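Text of input29.csv (CSV, N, CA and C atoms) as supplied:
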chain,number,residue,atom,x,y,z
A,664,MET,N,38.8,-13.4,-38.4
A,664,MET,CA,37.4,-12.9,-38.6
A,664,MET,C,37.3,-11.6,-37.8
A,665,SER,N,36.7,-10.6,-38.5
A,665,SER,CA,36.6,-9.3,-37.9
A,665,SER,C,35.4,-9.3,-37.0
A,666,PRO,N,35.3,-8.3,-36.0
A,666,PRO,CA,34.2,-8.3,-35.1
A,666,PRO,C,32.9,-8.1,-35.7
A,667,ALA,N,32.8,-7.3,-36.8
A,667,ALA,CA,31.5,-7.1,-37.5
A,667,ALA,C,31.0,-8.4,-38.1
A,668,SER,N,31.8,-9.1,-38.9
A,668,SER,CA,31.3,-10.3,-39.6
A,668,SER,C,31.0,-11.4,-38.6
A,669,SER,N,31.7,-11.4,-37.5
A,669,SER,CA,31.4,-12.5,-36.5
A,669,SER,C,30.1,-12.2,-35.8
A,670,ALA,N,29.5,-11.0,-36.0
A,670,ALA,CA,28.2,-10.7,-35.5
A,670,ALA,C,27.0,-11.4,-36.2
A,671,VAL,N,27.3,-11.9,-37.4
A,671,VAL,CA,26.2,-12.6,-38.1
A,671,VAL,C,26.1,-14.0,-37.5
A,672,GLY,N,24.8,-14.3,-37.1
A,672,GLY,CA,24.6,-15.6,-36.5
A,672,GLY,C,24.3,-16.6,-37.6
A,673,HIS,N,23.1,-16.5,-38.2
A,673,HIS,CA,22.8,-17.4,-39.3
A,673,HIS,C,22.0,-16.7,-40.3
A,674,ILE,N,21.9,-17.4,-41.5
A,674,ILE,CA,21.2,-16.9,-42.6
A,674,ILE,C,20.1,-18.0,-43.0
A,675,GLU,N,19.0,-17.5,-43.4
A,675,GLU,CA,17.9,-18.4,-44.0
A,675,GLU,C,17.5,-17.9,-45.3
A,676,LEU,N,17.3,-18.7,-46.3
A,676,LEU,CA,16.7,-18.3,-47.5
A,676,LEU,C,15.2,-18.7,-47.5
A,677,ALA,N,14.4,-17.8,-47.9
A,677,ALA,CA,12.9,-18.1,-47.9
A,677,ALA,C,12.3,-17.6,-49.2
A,678,HIS,N,11.1,-18.1,-49.5
A,678,HIS,CA,10.3,-17.6,-50.6
A,678,HIS,C,11.1,-17.6,-52.0
A,679,LEU,N,11.9,-18.6,-52.2
A,679,LEU,CA,12.6,-18.7,-53.5
A,679,LEU,C,11.6,-18.9,-54.6
A,680,THR,N,11.8,-18.2,-55.7
A,680,THR,CA,10.9,-18.3,-56.8
A,680,THR,C,11.1,-19.7,-57.5
A,681,ASP,N,12.3,-20.2,-57.5
A,681,ASP,CA,12.6,-21.5,-58.0
A,681,ASP,C,13.9,-22.0,-57.4
A,682,ALA,N,13.7,-22.9,-56.4
A,682,ALA,CA,14.8,-23.5,-55.7
A,682,ALA,C,15.7,-24.4,-56.5
A,683,LYS,N,15.2,-24.8,-57.7
A,683,LYS,CA,16.0,-25.7,-58.6
A,683,LYS,C,16.9,-24.9,-59.5
A,684,THR,N,16.7,-23.6,-59.7
A,684,THR,CA,17.5,-22.7,-60.5
A,684,THR,C,18.0,-21.5,-59.8
A,685,LEU,N,18.9,-21.7,-58.9
A,685,LEU,CA,19.4,-20.7,-58.0
A,685,LEU,C,20.2,-19.6,-58.8
A,686,GLU,N,20.5,-19.9,-60.1
A,686,GLU,CA,21.2,-18.9,-60.9
A,686,GLU,C,20.2,-17.9,-61.6
A,687,HIS,N,18.9,-18.2,-61.4
A,687,HIS,CA,17.8,-17.4,-62.1
A,687,HIS,C,16.6,-17.5,-61.1
A,688,CYS,N,16.7,-16.7,-60.0
A,688,CYS,CA,15.5,-16.7,-59.1
A,688,CYS,C,15.6,-15.5,-58.2
A,689,ALA,N,14.6,-15.3,-57.4
A,689,ALA,CA,14.5,-14.3,-56.4
A,689,ALA,C,14.1,-14.9,-55.1
A,690,GLY,N,14.3,-14.2,-54.1
A,690,GLY,CA,13.9,-14.8,-52.8
A,690,GLY,C,14.1,-13.7,-51.7
A,691,VAL,N,14.0,-14.2,-50.5
A,691,VAL,CA,14.2,-13.4,-49.3
A,691,VAL,C,15.3,-14.0,-48.5
A,692,ILE,N,16.3,-13.1,-48.0
A,692,ILE,CA,17.3,-13.6,-47.2
A,692,ILE,C,17.1,-13.1,-45.8
A,693,GLU,N,16.9,-14.0,-44.8
A,693,GLU,CA,16.7,-13.6,-43.4
A,693,GLU,C,18.1,-13.6,-42.8
A,694,VAL,N,18.5,-12.5,-42.2
A,694,VAL,CA,19.8,-12.4,-41.6
A,694,VAL,C,19.6,-12.2,-40.1
A,695,TYR,N,20.1,-13.2,-39.3
A,695,TYR,CA,20.0,-13.2,-37.9
A,695,TYR,C,21.3,-12.8,-37.3
A,696,LEU,N,21.4,-11.7,-36.5
A,696,LEU,CA,22.6,-11.4,-35.9
A,696,LEU,C,22.7,-12.0,-34.5
A,697,LYS,N,23.9,-12.2,-34.0
A,697,LYS,CA,24.0,-12.8,-32.7
A,697,LYS,C,23.5,-12.0,-31.5
A,698,ASP,N,23.3,-10.7,-31.8
A,698,ASP,CA,22.7,-9.8,-30.7
A,698,ASP,C,21.2,-9.8,-30.7
A,699,GLY,N,20.6,-10.6,-31.6
A,699,GLY,CA,19.2,-10.8,-31.6
A,699,GLY,C,18.5,-10.0,-32.7
A,700,ARG,N,19.1,-9.1,-33.4
A,700,ARG,CA,18.5,-8.3,-34.4
A,700,ARG,C,18.3,-9.2,-35.7
A,701,GLN,N,17.3,-8.9,-36.4
A,701,GLN,CA,17.0,-9.6,-37.6
A,701,GLN,C,16.7,-8.7,-38.8
A,702,PHE,N,17.2,-9.0,-40.0
A,702,PHE,CA,17.0,-8.2,-41.1
A,702,PHE,C,16.5,-9.1,-42.3
A,703,THR,N,15.6,-8.5,-43.1
A,703,THR,CA,15.0,-9.2,-44.2
A,703,THR,C,15.5,-8.5,-45.5
A,704,LEU,N,16.2,-9.2,-46.3
A,704,LEU,CA,16.7,-8.6,-47.5
A,704,LEU,C,16.1,-9.2,-48.8
A,705,LEU,N,15.6,-8.4,-49.6
A,705,LEU,CA,15.1,-8.9,-50.9
A,705,LEU,C,16.3,-9.2,-51.8
A,706,ALA,N,16.3,-10.3,-52.4
A,706,ALA,CA,17.5,-10.7,-53.2
A,706,ALA,C,17.0,-11.3,-54.6
A,707,ALA,N,17.8,-11.1,-55.6
A,707,ALA,CA,17.5,-11.7,-56.9
A,707,ALA,C,18.8,-11.8,-57.7
A,708,THR,N,18.7,-12.7,-58.7
A,708,THR,CA,19.8,-12.7,-59.6
A,708,THR,C,19.5,-11.7,-60.7
A,709,PRO,N,20.5,-11.1,-61.3
A,709,PRO,CA,20.2,-10.1,-62.4
A,709,PRO,C,19.4,-10.7,-63.5
A,710,SER,N,19.6,-11.9,-63.9
A,710,SER,CA,18.8,-12.5,-65.0
A,710,SER,C,17.3,-12.6,-64.6
A,711,TRP,N,17.0,-13.0,-63.4
A,711,TRP,CA,15.6,-13.1,-63.0
A,711,TRP,C,15.0,-11.7,-63.0
A,712,PHE,N,15.7,-10.7,-62.4
A,712,PHE,CA,15.2,-9.4,-62.3
A,712,PHE,C,14.9,-8.8,-63.7
A,713,LYS,N,15.8,-9.0,-64.7
A,713,LYS,CA,15.6,-8.5,-66.0
A,713,LYS,C,14.4,-9.2,-66.7
A,714,ALA,N,14.3,-10.5,-66.5
A,714,ALA,CA,13.2,-11.2,-67.1
A,714,ALA,C,11.9,-10.8,-66.5
A,715,GLU,N,11.9,-10.5,-65.2
A,715,GLU,CA,10.6,-10.1,-64.5
A,715,GLU,C,10.2,-8.7,-65.0
A,716,LEU,N,11.2,-7.8,-65.1
A,716,LEU,CA,10.9,-6.4,-65.6
A,716,LEU,C,10.3,-6.5,-67.0
A,717,ALA,N,10.8,-7.4,-67.9
A,717,ALA,CA,10.3,-7.6,-69.2
A,717,ALA,C,8.9,-8.2,-69.2
A,718,ARG,N,8.7,-9.2,-68.4
A,718,ARG,CA,7.4,-9.9,-68.3
A,718,ARG,C,6.3,-8.9,-67.8
A,719,LEU,N,6.7,-8.0,-66.9
A,719,LEU,CA,5.7,-7.0,-66.4
A,719,LEU,C,5.6,-5.8,-67.2
A,720,GLY,N,6.5,-5.6,-68.2
A,720,GLY,CA,6.5,-4.5,-69.1
A,720,GLY,C,7.0,-3.2,-68.4
A,721,LEU,N,7.9,-3.4,-67.4
A,721,LEU,CA,8.4,-2.2,-66.7
A,721,LEU,C,9.6,-1.7,-67.4
A,722,LYS,N,9.7,-0.3,-67.5
A,722,LYS,CA,10.9,0.3,-68.1
A,722,LYS,C,11.8,0.7,-67.0
A,723,PHE,N,11.3,0.8,-65.7
A,723,PHE,CA,12.1,1.2,-64.6
A,723,PHE,C,11.5,0.6,-63.3
A,724,TYR,N,12.3,0.7,-62.2
A,724,TYR,CA,11.8,0.2,-60.9
A,724,TYR,C,12.5,1.1,-59.9
A,725,TYR,N,11.8,1.5,-58.9
A,725,TYR,CA,12.4,2.1,-57.7
A,725,TYR,C,11.5,1.6,-56.5
A,726,GLY,N,12.1,1.5,-55.4
A,726,GLY,CA,11.4,1.0,-54.2
A,726,GLY,C,12.4,0.4,-53.3
A,727,PRO,N,11.9,-0.6,-52.5
A,727,PRO,CA,12.9,-1.3,-51.6
A,727,PRO,C,14.1,-1.8,-52.3
A,728,ALA,N,15.2,-1.7,-51.6
A,728,ALA,CA,16.5,-2.1,-52.2
A,728,ALA,C,16.5,-3.6,-52.5
A,729,VAL,N,17.2,-4.0,-53.5
A,729,VAL,CA,17.4,-5.4,-53.9
A,729,VAL,C,18.9,-5.7,-53.8
A,730,LEU,N,19.2,-6.8,-53.2
A,730,LEU,CA,20.5,-7.4,-53.2
A,730,LEU,C,20.7,-8.3,-54.4
A,731,PHE,N,21.6,-8.0,-55.3
A,731,PHE,CA,21.8,-8.9,-56.4
A,731,PHE,C,22.9,-9.9,-56.2
A,732,LEU,N,22.7,-11.1,-56.5
A,732,LEU,CA,23.7,-12.2,-56.3
A,732,LEU,C,23.7,-13.0,-57.6
A,733,LYS,N,24.9,-13.4,-58.0
A,733,LYS,CA,25.1,-14.2,-59.2
A,733,LYS,C,24.3,-15.5,-59.0
A,734,LYS,N,24.3,-16.1,-57.8
A,734,LYS,CA,23.6,-17.3,-57.5
A,734,LYS,C,23.0,-17.2,-56.1
A,735,LEU,N,21.7,-17.4,-56.0
A,735,LEU,CA,21.0,-17.1,-54.8
A,735,LEU,C,21.0,-18.4,-53.9
A,736,ASP,N,22.2,-18.6,-53.3
A,736,ASP,CA,22.4,-19.8,-52.4
A,736,ASP,C,22.9,-19.3,-51.0
A,737,ALA,N,22.9,-20.2,-50.1
A,737,ALA,CA,23.2,-19.8,-48.7
A,737,ALA,C,24.6,-19.3,-48.6
A,738,ALA,N,25.6,-19.9,-49.3
A,738,ALA,CA,26.9,-19.4,-49.2
A,738,ALA,C,27.1,-18.0,-49.6
A,739,ALA,N,26.5,-17.6,-50.8
A,739,ALA,CA,26.6,-16.3,-51.3
A,739,ALA,C,25.8,-15.3,-50.4
A,740,ALA,N,24.7,-15.7,-49.9
A,740,ALA,CA,23.9,-14.9,-49.0
A,740,ALA,C,24.7,-14.6,-47.7
A,741,ARG,N,25.3,-15.6,-47.1
A,741,ARG,CA,26.1,-15.4,-45.9
A,741,ARG,C,27.3,-14.5,-46.2
A,742,LYS,N,28.0,-14.7,-47.3
A,742,LYS,CA,29.1,-13.8,-47.6
A,742,LYS,C,28.6,-12.3,-47.8
A,743,ALA,N,27.5,-12.2,-48.5
A,743,ALA,CA,27.0,-10.8,-48.7
A,743,ALA,C,26.7,-10.1,-47.3
A,744,ALA,N,26.0,-10.9,-46.4
A,744,ALA,CA,25.6,-10.3,-45.1
A,744,ALA,C,26.9,-10.0,-44.3
A,745,LYS,N,27.9,-10.8,-44.3
A,745,LYS,CA,29.1,-10.6,-43.6
A,745,LYS,C,29.8,-9.3,-44.2
A,746,ASP,N,29.9,-9.3,-45.5
A,746,ASP,CA,30.6,-8.1,-46.2
A,746,ASP,C,29.8,-6.8,-45.9
A,747,MET,N,28.5,-6.9,-45.9
A,747,MET,CA,27.7,-5.7,-45.5
A,747,MET,C,28.0,-5.2,-44.1
A,748,MET,N,28.1,-6.2,-43.2
A,748,MET,CA,28.5,-5.8,-41.8
A,748,MET,C,29.9,-5.3,-41.7
A,749,ASP,N,30.8,-5.8,-42.5
A,749,ASP,CA,32.2,-5.3,-42.4
A,749,ASP,C,32.3,-3.9,-43.0
A,750,GLU,N,31.5,-3.7,-44.1
A,750,GLU,CA,31.5,-2.3,-44.7
A,750,GLU,C,30.9,-1.3,-43.8
A,751,ASP,N,29.7,-1.6,-43.3
A,751,ASP,CA,28.9,-0.6,-42.5
A,751,ASP,C,27.6,-1.3,-42.1
A,752,GLU,N,27.4,-1.6,-40.9
A,752,GLU,CA,26.2,-2.4,-40.5
A,752,GLU,C,24.9,-1.6,-40.8
A,753,GLN,N,25.0,-0.3,-41.1
A,753,GLN,CA,23.8,0.4,-41.6
A,753,GLN,C,23.3,-0.1,-42.9
A,754,LEU,N,24.2,-0.8,-43.7
A,754,LEU,CA,23.7,-1.3,-45.0
A,754,LEU,C,22.6,-2.3,-44.7
A,755,LEU,N,22.7,-3.1,-43.7
A,755,LEU,CA,21.6,-4.1,-43.4
A,755,LEU,C,20.3,-3.3,-43.0
A,756,VAL,N,20.5,-2.2,-42.4
A,756,VAL,CA,19.3,-1.4,-42.0
A,756,VAL,C,18.7,-0.8,-43.3
A,757,ARG,N,19.5,-0.3,-44.2
A,757,ARG,CA,19.0,0.3,-45.5
A,757,ARG,C,18.4,-0.8,-46.4
A,758,TYR,N,18.9,-2.0,-46.4
A,758,TYR,CA,18.4,-3.0,-47.2
A,758,TYR,C,17.2,-3.8,-46.6
A,759,ASP,N,17.0,-3.6,-45.3
A,759,ASP,CA,15.9,-4.3,-44.6
A,759,ASP,C,14.6,-3.8,-45.3
A,760,THR,N,13.8,-4.8,-45.6
A,760,THR,CA,12.6,-4.5,-46.4
A,760,THR,C,11.3,-4.8,-45.7
A,761,PRO,N,10.2,-4.3,-46.2
A,761,PRO,CA,8.9,-4.7,-45.7
A,761,PRO,C,8.8,-6.2,-45.9
A,762,ARG,N,8.1,-6.8,-45.1
A,762,ARG,CA,8.0,-8.3,-45.1
A,762,ARG,C,7.1,-8.7,-46.3
A,763,ARG,N,7.6,-8.5,-47.5
A,763,ARG,CA,6.9,-8.9,-48.7
A,763,ARG,C,8.0,-9.5,-49.7
A,764,THR,N,7.5,-10.2,-50.7
A,764,THR,CA,8.4,-10.8,-51.6
A,764,THR,C,8.6,-9.9,-52.8
A,765,LEU,N,9.7,-10.1,-53.5
A,765,LEU,CA,10.0,-9.2,-54.7
A,765,LEU,C,9.0,-9.4,-55.8
A,766,PRO,N,8.5,-10.6,-56.1
A,766,PRO,CA,7.4,-10.6,-57.1
A,766,PRO,C,6.2,-9.8,-56.7
A,767,ASP,N,5.8,-9.8,-55.4
A,767,ASP,CA,4.7,-9.0,-55.0
A,767,ASP,C,5.0,-7.5,-55.1
A,768,ILE,N,6.2,-7.1,-54.7
A,768,ILE,CA,6.5,-5.7,-54.8
A,768,ILE,C,6.5,-5.2,-56.3
A,769,LEU,N,7.1,-6.0,-57.2
A,769,LEU,CA,7.2,-5.6,-58.6
A,769,LEU,C,5.8,-5.6,-59.2
A,770,ALA,N,4.9,-6.6,-58.8
A,770,ALA,CA,3.6,-6.6,-59.4
A,770,ALA,C,2.8,-5.3,-58.9
A,771,ALA,N,3.0,-4.9,-57.7
A,771,ALA,CA,2.3,-3.7,-57.2
A,771,ALA,C,2.9,-2.5,-57.9
A,772,PHE,N,4.2,-2.5,-58.1
A,772,PHE,CA,4.9,-1.4,-58.8
A,772,PHE,C,4.3,-1.3,-60.2
A,773,ALA,N,4.2,-2.4,-60.9
A,773,ALA,CA,3.7,-2.4,-62.3
A,773,ALA,C,2.2,-1.9,-62.3
A,774,ALA,N,1.4,-2.2,-61.3
A,774,ALA,CA,0.0,-1.8,-61.3
A,774,ALA,C,0.0,-0.2,-61.1
A,775,ALA,N,0.9,0.3,-60.3
A,775,ALA,CA,1.0,1.7,-60.0
A,775,ALA,C,1.6,2.5,-61.1
A,776,HIS,N,2.4,1.9,-62.0
A,776,HIS,CA,3.1,2.6,-63.0
A,776,HIS,C,2.9,1.8,-64.3
A,777,PRO,N,1.7,1.8,-64.9
A,777,PRO,CA,1.5,1.1,-66.1
A,777,PRO,C,2.3,1.7,-67.3
A,778,ALA,N,2.7,0.8,-68.2
A,778,ALA,CA,3.5,1.2,-69.3
A,778,ALA,C,2.9,2.1,-70.2
File written out as structure tokens:
Amino acid sequence: MSPASSAVGHIELAHLTDAKTLEHCAGVIEVYLKDGRQFTLLAATPSWFKAELARLGLKFYYGPAVLFLKKLDAAAARKAAKDMMDEDEQLLVRYDTPRRTLPDILAAFAAAHPA
């Protein structure tokens, strides 16, 4: 185990849009490092994100970064956080988001950018 990935303490999944369908949902990944730092990552599966853009009538999106996962489960979230730390711990800083959920952010974006 590399020093960077061993810095990840634990992961929590929160605010899942549908905990029964982890292959088609969005949520928040709380990353807790052993040194006490905490990062909040917006996460979604590509299928959920595509469906949400269509539902809201959005042709584009820009804003807080979204971590895309094939399946939004704890194992995938933990691997993503460890890989981000291994690549460059600043990735966690860049992906750290305002304490809001992706559905809230996309709804606000749609309101600000009507079709």
Which polymer residues have any atom within 9 Å of an atom of Thr680 (chain A), counting only C-alpha atoms, with same-chain residues fewer than 3 positions away left out, as a list in words?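 Listed by chain and then number, they are Thr684, Leu685, His687, Cys688, Ala689, Gly690 and Pro766 of chain A.
Looking only at chain A, the set that DSSP places in strand (DSSP E) from backbone geometry is Val671, Gly672, His673, Ile674, Glu675, Leu676, Ala677, Ala689, Gly690, Val691, Ile692, Glu693, Val694, Tyr695, Leu696, Gln701, Phe702, Thr703, Leu704, Leu705, Ala706, Ala707, Val729, Leu730 and Phe731 of chain A.
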Skipping near chain neighbours, those fewer than 6 positions away, what residues fall within 6 Å of region 735-747 of chain A using all atoms listed in the file, listed as a list in words?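 Surrounding residues, per the criterion: Ser668, Leu685, Glu686, Leu754 and Leu755 of chain A.
Between CA of Tyr695 (chain A) and CA of Tyr758 (chain A) the interatomic distance comes to 13.9 Å.
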Nearest to Lys697 (chain A) by atom-to-atom distance, counting only N, CA and C atoms, from A:His776, A:Arg757, A:His673, A:Lys683: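 Ranking A:His776, A:Arg757, A:His673, A:Lys683 by distance to Lys697 (chain A), first place goes to A:His673.
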Neighbouring residues of Lys722 (chain A) were defined as those with any atom within 8 Å, considering only N, CA and C atoms; residues of the same chain fewer than 2 positions away were excluded. Please report them as a list in words.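 My list of contacting residues is Leu716, Ala717, Leu719, Gly720, Tyr724, His776, Pro777 and Ala778 of chain A.
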I'd like the neighbourhood of region 726-730 of chain A as a ChimeraX atom specification, where a residue qualifies if any of its atoms comes within 9 Å (using only C-alpha atoms), though same-chain residues fewer than 6 positions away should be ignored. /A:704-708,743,757-761,765,768-769,772
Sel. within 8 Å of pt (20.4, -16.6, -36.4), counting all atoms listed in the file, output as a ChimeraX atom specification: /A:671-675,693-697,699-701
Nearest residue to Trp711 (chain A) from the set A:Ala773, A:Val756, A:Leu732, A:Met748 (distances using only C-alpha atoms):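 Between A:Ala773, A:Val756, A:Leu732, A:Met748, the residue approaching Trp711 (chain A) most closely is A:Leu732.
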Please extract the residues of region 667-724 of chain A with a backbone DSSP assignment of helix (DSSP H, G or I) and present them as a tab-separated table (two decimals) with N, CA and C atoms, in the frame of the given file.
chain	number	residue	atom	x	y	z
A	668	SER	N	31.80	-9.10	-38.90
A	668	SER	CA	31.30	-10.30	-39.60
A	668	SER	C	31.00	-11.40	-38.60
A	669	SER	N	31.70	-11.40	-37.50
A	669	SER	CA	31.40	-12.50	-36.50
A	669	SER	C	30.10	-12.20	-35.80
A	670	ALA	N	29.50	-11.00	-36.00
A	670	ALA	CA	28.20	-10.70	-35.50
A	670	ALA	C	27.00	-11.40	-36.20
A	709	PRO	N	20.50	-11.10	-61.30
A	709	PRO	CA	20.20	-10.10	-62.40
A	709	PRO	C	19.40	-10.70	-63.50
A	710	SER	N	19.60	-11.90	-63.90
A	710	SER	CA	18.80	-12.50	-65.00
A	710	SER	C	17.30	-12.60	-64.60
A	711	TRP	N	17.00	-13.00	-63.40
A	711	TRP	CA	15.60	-13.10	-63.00
A	711	TRP	C	15.00	-11.70	-63.00
A	712	PHE	N	15.70	-10.70	-62.40
A	712	PHE	CA	15.20	-9.40	-62.30
A	712	PHE	C	14.90	-8.80	-63.70
A	713	LYS	N	15.80	-9.00	-64.70
A	713	LYS	CA	15.60	-8.50	-66.00
A	713	LYS	C	14.40	-9.20	-66.70
A	714	ALA	N	14.30	-10.50	-66.50
A	714	ALA	CA	13.20	-11.20	-67.10
A	714	ALA	C	11.90	-10.80	-66.50
A	715	GLU	N	11.90	-10.50	-65.20
A	715	GLU	CA	10.60	-10.10	-64.50
A	715	GLU	C	10.20	-8.70	-65.00
A	716	LEU	N	11.20	-7.80	-65.10
A	716	LEU	CA	10.90	-6.40	-65.60
A	716	LEU	C	10.30	-6.50	-67.00
A	717	ALA	N	10.80	-7.40	-67.90
A	717	ALA	CA	10.30	-7.60	-69.20
A	717	ALA	C	8.90	-8.20	-69.20
A	718	ARG	N	8.70	-9.20	-68.40
A	718	ARG	CA	7.40	-9.90	-68.30
A	718	ARG	C	6.30	-8.90	-67.80
A	719	LEU	N	6.70	-8.00	-66.90
A	719	LEU	CA	5.70	-7.00	-66.40
A	719	LEU	C	5.60	-5.80	-67.20
For a test of reading the model, state the distance in Å between CA of Phe712 (chain A) and CA of Phe731 (chain A), rounded to one decimal. 8.9 Å
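The spacing separating CA of Ser669 (chain A) from atom N of Asp681 (chain A) amounts to 29.4 Å.
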